[in-house]
$ cat query13.pdb   # PDB, C-alpha atoms
ATOM      1  CA  MET A  57      98.450  15.728 -75.468
ATOM      2  CA  SER A  58     101.426  17.869 -74.548
ATOM      3  CA  ASN A  59     100.795  21.371 -73.309
ATOM      4  CA  SER A  60     100.596  23.547 -76.426
ATOM      5  CA  THR A  61     102.850  26.170 -74.860
ATOM      6  CA  SER A  62     105.727  23.650 -74.746
ATOM      7  CA  ILE A  63     105.481  22.652 -78.393
ATOM      8  CA  ARG A  64     108.514  23.638 -80.455
ATOM      9  CA  LEU A  65     107.868  24.202 -84.142
ATOM     10  CA  PRO A  66     110.579  23.652 -86.779
ATOM     11  CA  ASP A  67     113.739  25.717 -86.712
ATOM     12  CA  PHE A  68     114.864  24.200 -90.022
ATOM     13  CA  LEU A  69     113.078  23.000 -93.155
ATOM     14  CA  VAL A  70     114.088  20.733 -96.016
ATOM     15  CA  LEU A  71     112.279  22.507 -98.854
ATOM     16  CA  GLY A  72     112.784  19.951-101.635
ATOM     17  CA  VAL A  73     113.105  19.196-104.458
ATOM     18  CA  PRO A  74     110.918  16.116-105.033
ATOM     19  CA  LYS A  75     112.641  12.977-106.332
ATOM     20  CA  ALA A  76     116.032  14.235-105.157
ATOM     21  CA  GLY A  77     116.691  12.112-102.095
ATOM     22  CA  THR A  78     114.437  13.895 -99.603
ATOM     23  CA  THR A  79     113.072  10.562 -98.349
ATOM     24  CA  SER A  80     116.581   9.285 -97.624
ATOM     25  CA  LEU A  81     117.519  12.596 -96.020
ATOM     26  CA  TYR A  82     114.421  12.466 -93.837
ATOM     27  CA  GLU A  83     115.412   9.008 -92.592
ATOM     28  CA  TYR A  84     119.027  10.061 -91.930
ATOM     29  CA  LEU A  85     117.995  13.196 -90.034
ATOM     30  CA  ARG A  86     115.298  11.405 -88.064
ATOM     31  CA  GLU A  87     117.872   8.952 -86.714
ATOM     32  CA  HIS A  88     120.052  11.719 -85.298
ATOM     33  CA  PRO A  89     119.570  11.923 -81.514
ATOM     34  CA  ASP A  90     119.832  15.726 -81.571
ATOM     35  CA  ILE A  91     117.090  16.168 -84.193
ATOM     36  CA  PHE A  92     113.316  15.769 -84.017
ATOM     37  CA  LEU A  93     111.300  15.168 -87.172
ATOM     38  CA  PRO A  94     107.581  14.341 -87.247
ATOM     39  CA  LYS A  95     106.492  10.741 -87.731
ATOM     40  CA  ARG A  96     104.979  11.797 -91.045
ATOM     41  CA  LYS A  97     107.596  12.878 -93.563
ATOM     42  CA  GLU A  98     105.671  15.322 -95.750
ATOM     43  CA  LEU A  99     103.253  17.651 -93.962
ATOM     44  CA  HIS A 100     102.983  20.294 -96.701
ATOM     45  CA  TYR A 101     101.291  22.591 -94.186
ATOM     46  CA  PHE A 102     102.521  25.818 -95.760
ATOM     47  CA  THR A 103     101.443  24.737 -99.254
ATOM     48  CA  VAL A 104      98.274  22.788 -98.460
ATOM     49  CA  ASP A 105      95.979  25.550 -99.744
ATOM     50  CA  GLU A 106      97.822  25.637-103.065
ATOM     51  CA  LEU A 107      97.896  21.845-103.343
ATOM     52  CA  ARG A 108      94.182  21.506-102.641
ATOM     53  CA  LYS A 109      93.330  23.954-105.415
ATOM     54  CA  ARG A 110      94.694  21.484-107.965
ATOM     55  CA  THR A 111      93.408  17.941-107.518
ATOM     56  CA  ALA A 112      92.049  17.019-110.954
ATOM     57  CA  GLY A 113      94.786  14.508-111.817
ATOM     58  CA  PRO A 114      94.682  10.801-110.954
ATOM     59  CA  GLY A 115      95.692  10.358-107.320
ATOM     60  CA  ASP A 116      95.862  14.094-106.610
ATOM     61  CA  ARG A 117      92.949  14.184-104.189
ATOM     62  CA  ASP A 118      94.220  11.197-102.186
ATOM     63  CA  ALA A 119      97.680  12.757-101.916
ATOM     64  CA  VAL A 120      96.368  15.853-100.100
ATOM     65  CA  ARG A 121      93.482  14.333 -98.149
ATOM     66  CA  GLU A 122      95.280  13.905 -94.808
ATOM     67  CA  LEU A 123      97.458  17.022 -94.798
ATOM     68  CA  PRO A 124      97.241  19.431 -91.828
ATOM     69  CA  ALA A 125      95.371  22.559 -92.903
ATOM     70  CA  THR A 126      95.279  24.480 -89.602
ATOM     71  CA  LYS A 127      97.998  25.654 -87.265
ATOM     72  CA  ALA A 128      96.549  23.471 -84.506
ATOM     73  CA  ALA A 129      96.698  20.385 -86.736
ATOM     74  CA  TYR A 130     100.274  21.250 -87.721
ATOM     75  CA  ARG A 131     101.354  21.679 -84.105
ATOM     76  CA  GLU A 132      99.989  18.212 -83.293
ATOM     77  CA  HIS A 133     102.850  16.699 -85.305
ATOM     78  CA  PHE A 134     105.401  18.253 -82.932
ATOM     79  CA  THR A 135     103.953  17.179 -79.586
ATOM     80  CA  GLY A 136     106.691  14.564 -79.274
ATOM     81  CA  VAL A 137     109.553  17.068 -79.135
ATOM     82  CA  SER A 138     111.507  16.647 -75.917
ATOM     83  CA  GLY A 139     115.170  17.495 -75.416
ATOM     84  CA  GLU A 140     116.340  17.523 -79.049
ATOM     85  CA  LYS A 141     118.516  20.439 -80.077
ATOM     86  CA  ARG A 142     116.847  20.903 -83.452
ATOM     87  CA  VAL A 143     113.325  20.454 -84.846
ATOM     88  CA  GLY A 144     112.768  20.052 -88.562
ATOM     89  CA  GLU A 145     110.292  19.252 -91.285
ATOM     90  CA  VAL A 146     110.703  17.821 -94.808
ATOM     91  CA  SER A 147     108.147  18.885 -97.448
ATOM     92  CA  PRO A 148     109.325  18.893-101.098
ATOM     93  CA  SER A 149     106.447  21.092-102.298
ATOM     94  CA  TYR A 150     107.880  24.081-100.424
ATOM     95  CA  PHE A 151     110.583  24.657-103.032
ATOM     96  CA  TYR A 152     108.120  24.816-105.945
ATOM     97  CA  HIS A 153     105.911  27.321-104.088
ATOM     98  CA  ILE A 154     108.668  29.256-102.328
ATOM     99  CA  ASP A 155     107.685  32.632-103.826
ATOM    100  CA  SER A 156     104.257  32.555-102.194
ATOM    101  CA  ILE A 157     105.148  30.900 -98.881
ATOM    102  CA  ALA A 158     108.484  32.475 -97.861
ATOM    103  CA  PRO A 159     106.921  35.415 -95.937
ATOM    104  CA  ARG A 160     104.636  33.020 -94.061
ATOM    105  CA  LEU A 161     107.539  30.704 -93.212
ATOM    106  CA  ARG A 162     109.345  33.577 -91.538
ATOM    107  CA  GLU A 163     106.172  34.850 -89.868
ATOM    108  CA  GLU A 164     105.165  31.509 -88.312
ATOM    109  CA  LEU A 165     108.598  29.944 -87.753
ATOM    110  CA  GLY A 166     110.725  33.042 -87.162
ATOM    111  CA  ASP A 167     113.419  34.880 -89.091
ATOM    112  CA  GLY A 168     116.043  32.443 -87.782
ATOM    113  CA  ILE A 169     114.631  29.516 -89.754
ATOM    114  CA  GLN A 170     117.290  27.550 -91.657
ATOM    115  CA  VAL A 171     116.462  26.074 -95.055
ATOM    116  CA  VAL A 172     117.949  23.071 -96.824
ATOM    117  CA  VAL A 173     117.509  22.370-100.534
ATOM    118  CA  VAL A 174     118.549  19.218-102.369
ATOM    119  CA  LEU A 175     118.993  19.640-106.137
ATOM    120  CA  ARG A 176     119.387  16.836-108.662
ATOM    121  CA  ASP A 177     120.435  16.683-112.305
ATOM    122  CA  PRO A 178     117.205  18.111-113.755
ATOM    123  CA  VAL A 179     116.981  15.502-116.511
ATOM    124  CA  SER A 180     117.303  12.628-114.048
ATOM    125  CA  ARG A 181     114.903  14.314-111.625
ATOM    126  CA  ALA A 182     112.226  14.847-114.284
ATOM    127  CA  ILE A 183     112.500  11.225-115.410
ATOM    128  CA  SER A 184     112.285   9.983-111.827
ATOM    129  CA  ASN A 185     109.193  12.150-111.276
ATOM    130  CA  TYR A 186     107.605  10.688-114.410
ATOM    131  CA  LYS A 187     108.511   7.127-113.368
ATOM    132  CA  HIS A 188     106.957   7.699-109.962
ATOM    133  CA  GLN A 189     103.584   8.505-111.524
ATOM    134  CA  LEU A 190     103.995   5.617-113.957
ATOM    135  CA  ARG A 191     104.859   3.240-111.105
ATOM    136  CA  LEU A 192     101.682   4.160-109.223
ATOM    137  CA  GLY A 193      99.596   3.573-112.326
ATOM    138  CA  TYR A 194      98.584   7.239-112.655
ATOM    139  CA  GLU A 195     100.601   8.097-115.780
ATOM    140  CA  SER A 196      99.777   6.436-119.098
ATOM    141  CA  GLU A 197     101.568   8.623-121.654
ATOM    142  CA  PRO A 198     105.099   8.189-123.047
ATOM    143  CA  LEU A 199     107.682  10.517-121.506
ATOM    144  CA  ALA A 200     107.887  13.060-124.319
ATOM    145  CA  ARG A 201     104.111  13.280-124.601
ATOM    146  CA  ALA A 202     103.738  13.618-120.828
ATOM    147  CA  VAL A 203     106.178  16.553-120.780
ATOM    148  CA  ALA A 204     104.357  18.170-123.701
ATOM    149  CA  LEU A 205     101.061  17.794-121.801
ATOM    150  CA  GLU A 206     102.243  19.745-118.761
ATOM    151  CA  PRO A 207     100.626  23.100-119.721
ATOM    152  CA  GLU A 208      97.351  21.416-120.670
ATOM    153  CA  ARG A 209      97.266  19.410-117.461
ATOM    154  CA  ALA A 210      98.018  22.492-115.374
ATOM    155  CA  ALA A 211      95.164  24.352-117.096
ATOM    156  CA  SER A 212      92.890  21.387-116.306
ATOM    157  CA  GLY A 213      93.715  21.549-112.604
ATOM    158  CA  TYR A 214      96.220  18.707-112.288
ATOM    159  CA  GLY A 215      98.496  18.923-109.248
ATOM    160  CA  ASP A 216     101.986  20.364-109.591
ATOM    161  CA  PHE A 217     103.605  16.919-109.223
ATOM    162  CA  TRP A 218     102.570  16.355-112.836
ATOM    163  CA  GLN A 219     104.951  19.167-113.824
ATOM    164  CA  TYR A 220     107.876  16.891-114.602
ATOM    165  CA  SER A 221     109.955  19.551-116.323
ATOM    166  CA  GLY A 222     108.508  22.382-114.223
ATOM    167  CA  HIS A 223     109.898  20.893-111.024
ATOM    168  CA  SER A 224     113.330  20.655-112.672
ATOM    169  CA  LEU A 225     113.625  24.365-113.404
ATOM    170  CA  TYR A 226     115.562  25.545-110.383
ATOM    171  CA  ALA A 227     117.121  28.937-111.086
ATOM    172  CA  ASP A 228     114.173  31.221-110.318
ATOM    173  CA  LYS A 229     113.322  29.308-107.122
ATOM    174  CA  VAL A 230     116.917  29.361-105.890
ATOM    175  CA  ARG A 231     117.111  33.074-106.683
ATOM    176  CA  SER A 232     114.006  33.641-104.580
ATOM    177  CA  ILE A 233     115.486  31.680-101.668
ATOM    178  CA  LEU A 234     118.754  33.613-101.856
ATOM    179  CA  ASP A 235     116.815  36.890-101.899
ATOM    180  CA  GLN A 236     114.448  36.046 -99.039
ATOM    181  CA  PHE A 237     116.704  34.226 -96.565
ATOM    182  CA  PRO A 238     120.137  35.150 -95.177
ATOM    183  CA  ARG A 239     122.918  33.271 -96.965
ATOM    184  CA  GLU A 240     124.181  31.790 -93.698
ATOM    185  CA  LYS A 241     120.739  30.220 -93.162
ATOM    186  CA  ILE A 242     120.755  28.366 -96.502
ATOM    187  CA  ARG A 243     122.318  24.993 -97.327
ATOM    188  CA  ILE A 244     122.135  23.662-100.886
ATOM    189  CA  ILE A 245     123.028  20.002-101.367
ATOM    190  CA  LEU A 246     123.423  18.030-104.569
ATOM    191  CA  PHE A 247     121.594  14.700-104.687
ATOM    192  CA  GLU A 248     124.582  13.216-106.477
ATOM    193  CA  ASP A 249     126.851  14.084-103.522
ATOM    194  CA  LEU A 250     124.360  12.553-101.104
ATOM    195  CA  VAL A 251     124.493   9.323-103.124
ATOM    196  CA  SER A 252     128.217   9.189-103.860
ATOM    197  CA  ASN A 253     129.508  10.380-100.476
ATOM    198  CA  PRO A 254     126.674  10.344 -97.937
ATOM    199  CA  GLU A 255     128.891  10.475 -94.843
ATOM    200  CA  LYS A 256     130.692  13.646 -95.957
ATOM    201  CA  THR A 257     127.471  15.277 -97.160
ATOM    202  CA  LEU A 258     125.688  14.489 -93.902
ATOM    203  CA  ARG A 259     128.633  15.601 -91.794
ATOM    204  CA  GLU A 260     128.569  19.010 -93.508
ATOM    205  CA  LEU A 261     124.788  19.226 -93.093
ATOM    206  CA  TYR A 262     125.031  18.327 -89.405
ATOM    207  CA  GLU A 263     127.650  21.047 -88.997
ATOM    208  CA  PHE A 264     125.275  23.509 -90.656
ATOM    209  CA  LEU A 265     122.543  22.479 -88.216
ATOM    210  CA  GLU A 266     125.014  22.635 -85.303
ATOM    211  CA  VAL A 267     124.439  19.088 -84.083
ATOM    212  CA  ASP A 268     126.880  16.229 -83.510
ATOM    213  CA  ALA A 269     128.616  15.933 -86.897
ATOM    214  CA  SER A 270     130.243  12.607 -86.063
ATOM    215  CA  PHE A 271     126.918  10.745 -86.016
ATOM    216  CA  VAL A 272     126.445   8.155 -88.788
ATOM    217  CA  PRO A 273     122.865   6.888 -89.264
ATOM    218  CA  ASP A 274     122.336   3.129 -89.342
ATOM    219  CA  SER A 275     120.250   3.504 -92.508
ATOM    220  CA  ILE A 276     123.013   5.210 -94.481
ATOM    221  CA  ALA A 277     123.545   2.145 -96.684
ATOM    222  CA  GLN A 278     119.835   1.595 -97.248
ATOM    223  CA  LYS A 279     118.234   2.527-100.555
ATOM    224  CA  PHE A 280     114.893   4.287-100.300
ATOM    225  CA  ASN A 281     112.343   4.758-103.119
ATOM    226  CA  GLU A 282     113.903   2.282-105.532
ATOM    227  CA  GLY A 283     113.228   2.657-109.238
ATOM    228  CA  GLY A 284     111.253   0.442-111.579
ATOM    229  CA  VAL A 285     107.520  -0.120-111.832
ATOM    230  CA  TYR A 286     105.335  -2.390-109.779
ATOM    231  CA  LYS A 287     103.613  -5.471-111.100
ATOM    232  CA  LYS A 288      99.962  -4.723-111.690
ATOM    233  CA  GLY A 289      97.734  -5.916-108.896
ATOM    234  CA  ALA A 290      95.602  -4.845-105.969
ATOM    235  CA  ILE A 291      98.343  -5.408-103.367
ATOM    236  CA  SER A 292     101.018  -3.227-104.947
ATOM    237  CA  ARG A 293      98.441  -0.593-105.892
ATOM    238  CA  TYR A 294      97.142  -0.335-102.318
ATOM    239  CA  LEU A 295     100.581  -0.360-100.670
ATOM    240  CA  ALA A 296     102.159   2.146-103.067
ATOM    241  CA  ARG A 297      99.404   4.721-103.350
ATOM    242  CA  PRO A 298      98.263   7.143-100.643
ATOM    243  CA  HIS A 299      95.225   5.839 -98.773
ATOM    244  CA  TYR A 300      93.423   7.126 -95.696
ATOM    245  CA  THR A 301      93.311   3.683 -94.041
ATOM    246  CA  LYS A 302      97.110   3.437 -94.140
ATOM    247  CA  THR A 303      97.414   6.877 -92.551
ATOM    248  CA  TRP A 304      94.941   5.910 -89.821
ATOM    249  CA  ILE A 305      96.773   2.663 -89.077
ATOM    250  CA  LYS A 306     100.155   4.390 -88.986
ATOM    251  CA  ASN A 307      98.903   7.081 -86.600
ATOM    252  CA  ALA A 308      97.208   4.494 -84.348
ATOM    253  CA  LEU A 309     100.274   2.289 -83.970
ATOM    254  CA  PRO A 310     103.147   2.932 -81.548
ATOM    255  CA  ASP A 311     106.223   4.268 -83.311
ATOM    256  CA  SER A 312     108.095   0.961 -83.146
ATOM    257  CA  TRP A 313     105.172  -0.966 -84.655
ATOM    258  CA  ALA A 314     104.611   1.680 -87.320
ATOM    259  CA  GLU A 315     108.273   1.388 -88.301
ATOM    260  CA  ARG A 316     107.986  -2.409 -88.548
ATOM    261  CA  ALA A 317     104.876  -2.027 -90.700
ATOM    262  CA  ARG A 318     106.685   0.425 -92.985
ATOM    263  CA  ARG A 319     109.623  -1.932 -93.407
ATOM    264  CA  ALA A 320     107.283  -4.852 -94.152
ATOM    265  CA  LYS A 321     105.498  -2.730 -96.756
ATOM    266  CA  ASP A 322     108.818  -1.783 -98.358
ATOM    267  CA  ARG A 323     109.906  -5.440 -98.487
ATOM    268  CA  ILE A 324     106.666  -6.433-100.213
ATOM    269  CA  LEU A 325     106.909  -3.585-102.726
ATOM    270  CA  ARG A 326     110.544  -4.382-103.537
ATOM    271  CA  ARG A 327     109.419  -7.858-104.562
ATOM    272  CA  GLN A 328     106.851  -6.272-106.861
ATOM    273  CA  ILE A 329     109.366  -4.147-108.796
ATOM    274  CA  VAL A 330     110.054  -4.930-112.437
ATOM    275  CA  PRO A 331     112.616  -3.044-114.562
ATOM    276  CA  MET A 332     111.596  -0.126-116.752
ATOM    277  CA  GLU A 333     112.888   0.604-120.201
ATOM    278  CA  PRO A 334     115.360   3.510-120.114
ATOM    279  CA  PRO A 335     114.440   6.776-121.857
ATOM    280  CA  SER A 336     115.440   7.074-125.484
ATOM    281  CA  SER A 337     118.510   9.087-126.433
ATOM    282  CA  SER A 338     116.265  11.603-128.192
ATOM    283  CA  ASP A 339     114.151  12.083-125.044
ATOM    284  CA  LEU A 340     117.305  12.654-123.005
ATOM    285  CA  ALA A 341     118.653  15.141-125.529
ATOM    286  CA  ASP A 342     115.351  17.037-125.653
ATOM    287  CA  LEU A 343     115.209  17.317-121.865
ATOM    288  CA  ALA A 344     118.843  18.423-121.635
ATOM    289  CA  GLN A 345     118.140  21.125-124.191
ATOM    290  CA  LEU A 346     115.052  22.202-122.264
ATOM    291  CA  PHE A 347     117.043  22.707-119.050
ATOM    292  CA  GLN A 348     120.332  23.967-120.509
ATOM    293  CA  GLU A 349     119.772  27.689-119.976
ATOM    294  CA  ASP A 350     118.353  27.187-116.491
ATOM    295  CA  VAL A 351     121.386  25.131-115.440
ATOM    296  CA  SER A 352     123.728  27.788-116.836
ATOM    297  CA  ARG A 353     121.949  30.459-114.785
ATOM    298  CA  LEU A 354     122.061  28.272-111.674
ATOM    299  CA  ARG A 355     125.768  27.550-112.112
ATOM    300  CA  GLY A 356     126.542  31.267-112.224
ATOM    301  CA  MET A 357     124.220  32.012-109.325
ATOM    302  CA  LEU A 358     125.734  29.403-107.016
ATOM    303  CA  GLY A 359     129.300  29.772-108.247
ATOM    304  CA  ARG A 360     129.842  26.055-107.927
ATOM    305  CA  ASN A 361     130.763  23.110-110.090
ATOM    306  CA  LEU A 362     127.744  21.158-111.336
ATOM    307  CA  ASP A 363     129.715  18.537-113.262
ATOM    308  CA  ALA A 364     128.066  15.855-111.116
ATOM    309  CA  TRP A 365     125.086  16.456-113.382
ATOM    310  CA  THR A 366     126.235  14.248-116.231
ATOM    311  CA  HIS A 367     123.803  15.715-118.744
ATOM    312  CA  PHE A 368     125.339  19.164-118.272
ATOM    313  CA  LYS A 369     129.099  18.689-117.942
ATOM    314  CA  GLU A 370     131.013  21.694-119.155
ATOM    315  CA  PRO A 371     133.518  20.997-121.953
ATOM    316  CA  GLU A 372     137.130  20.772-120.829
ATOM    317  CA  GLY A 373     139.726  23.257-121.903
TER     318      GLY A 373
END

$ encode --input "query13.pdb" --output "structure tokens"
Amino acid sequence: MSNSTSIRLPDFLVLGVPKAGTTSLYEYLREHPDIFLPKRKELHYFTVDELRKRTAGPGDRDAVRELPATKAAYREHFTGVSGEKRVGEVSPSYFYHIDSIAPRLREELGDGIQVVVVLRDPVSRAISNYKHQLRLGYESEPLARAVALEPERAASGYGDFWQYSGHSLYADKVRSILDQFPREKIRIILFEDLVSNPEKTLRELYEFLEVDASFVPDSIAQKFNEGGVYKKGAISRYLARPHYTKTWIKNALPDSWAERARRAKDRILRRQIVPMEPPSSSDLADLAQLFQEDVSRLRGMLGRNLDAWTHFKEPEG
């Protein structure tokens, strides 16, 4: 193990939100020669206590089983830092819990910590969140019913990832970030920009992080976390869901072998994908109505055009 005194902890964090391209962003950033990211994408160290309080939902306990709960365990993930200019971490739960963790982020990582947030059309994000749980075989309710069940599930101790609409309410969380971090330390990206113009979006992010902005990751054309559901079966269920044996194998393998194993897993899962029926027009309208006020507040707060969010385009004229 590296000498603990030489370990550099993150100087920037990607806070979230879930189902808004954080997996792709992790891969792009990890390829940059000036940036170190841990082998494991989501450490959730600063939220692990909150996440472990709520594990009553299907799959919840498995999702938090291997997370680092102590500072020593967290530091272990950064023993590979060498000469990189920047060190980062990507954990989408940080955005949802920002009110409770912001003081600790500054205390443990320093006041100079930079934060990156990726926001997505809240209707599309909520649906993607729902589809994720459906794809893993955890969700069994129709979309509208699942959204209606959010308060009941929260009261029953389900994890926050079951809060499909809750994770798509951004305004209060963004307000908290703007209040608790210097503006020059904050970068807010739209998922839609990352998809439509990844090179420009990454170039601006690299400039924010003060690393080589001309770098273009090899994986920029690759699609991560494709949609659809998996065919029912033991293979897809094991490969798609969190499992301690997969974590053990990944940690035991050299990085190059672990990467090959991940790519093989992704190839197998892609062959297991079958299309999903799109949400009904009434479900889309209900979700848009649910988020309308929050998006209006966010638009005023950020002072930026959110017309990339097709469910919330402002009328012309």

$ resolve_selection --input "query13.pdb" --expression "the PyMOL selection byres ((chain A and resi 338-348) around 8)" --output "PyMOL selection string"
chain A and resi 178-179+199-200+221+224-225+335-337+349-352+367-368

$ resolve_selection --input "query13.pdb" --expression "the PyMOL selection byres ((chain A and resi 276) around 10)" --output "list of chain:residue names"
A:Ser80, A:Leu81, A:Glu83, A:Tyr84, A:Leu250, A:Val251, A:Pro254, A:Glu255, A:Leu258, A:Val272, A:Pro273, A:Asp274, A:Ser275, A:Ala277, A:Gln278, A:Lys279

$ closest_residue --input "query13.pdb" --among "A:Glu206, A:Asp177, A:Asp167, A:Asp155" --to "A:Phe102" --atoms "only C-alpha atoms"
A:Asp155

$ closest_residue --input "query13.pdb" --among "A:Thr135, A:Thr366, A:Ser149, A:Thr79" --to "A:Asp105" --atoms "all atoms listed in the file"
A:Ser149

$ resolve_selection --input "query13.pdb" --expression "the PyMOL selection byres ((chain A and resi 208-215) around 12)" --output "ChimeraX atom specification"
/A:103-120,149,152,189,194-195,201-207,216-220,222-223

$ residues_near_point --input "query13.pdb" --point "(116.7, 23.1, -89.4)" --cutoff "8 Å" --atoms "all atoms listed in the file" --output "PyMOL selection string"
chain A and resi 66-70+142-145+169-172+265

$ residues_around --input "query13.pdb" --residues "A:Ile233" --least-positions-apart "4" --cutoff "9 Å" --atoms "all atoms listed in the file" --output "ChimeraX atom specification"
/A:151,154-155,158,171,228-229,237-239,242

$ residues_around --input "query13.pdb" --residues "A:Leu261" --least-positions-apart "5" --cutoff "10 Å" --atoms "only C-alpha atoms" --output "list in words"
Leu85, Val172, Arg243, Ile244, Ile245, Glu255, Lys256, Glu266, Val267 and Ala269 of chain A

$ closest_residue --input "query13.pdb" --among "A:Ser184, A:Thr78, A:Thr126, A:Gln236" --to "A:Leu161" --atoms "only C-alpha atoms"
A:Gln236

$ atom_distance --input "query13.pdb" --atom1 "atom CA of A:Val137" --atom2 "atom CA of A:Glu164"
17.7 Å

$ atom_distance --input "query13.pdb" --atom1 "atom CA of A:Ala227" --atom2 "atom CA of A:Phe264"
22.7 Å

$ axis_aligned_box --input "query13.pdb" --around "stretch 122-140 of chain A" --padding-each-side "4 Å" --output "JSON"
{"center_x": 105.8, "center_y": 19.8, "center_z": -85.1, "size_x": 29.1, "size_y": 19.7, "size_z": 27.4}

$ atom_distance --input "query13.pdb" --atom1 "atom CA of A:Leu123" --atom2 "atom CA of A:Arg96"
9.9 Å

$ closest_residue --input "query13.pdb" --among "A:Pro310, A:Val174, A:Ile183, A:Asp363" --to "A:Thr257" --atoms "only C-alpha atoms"
A:Val174
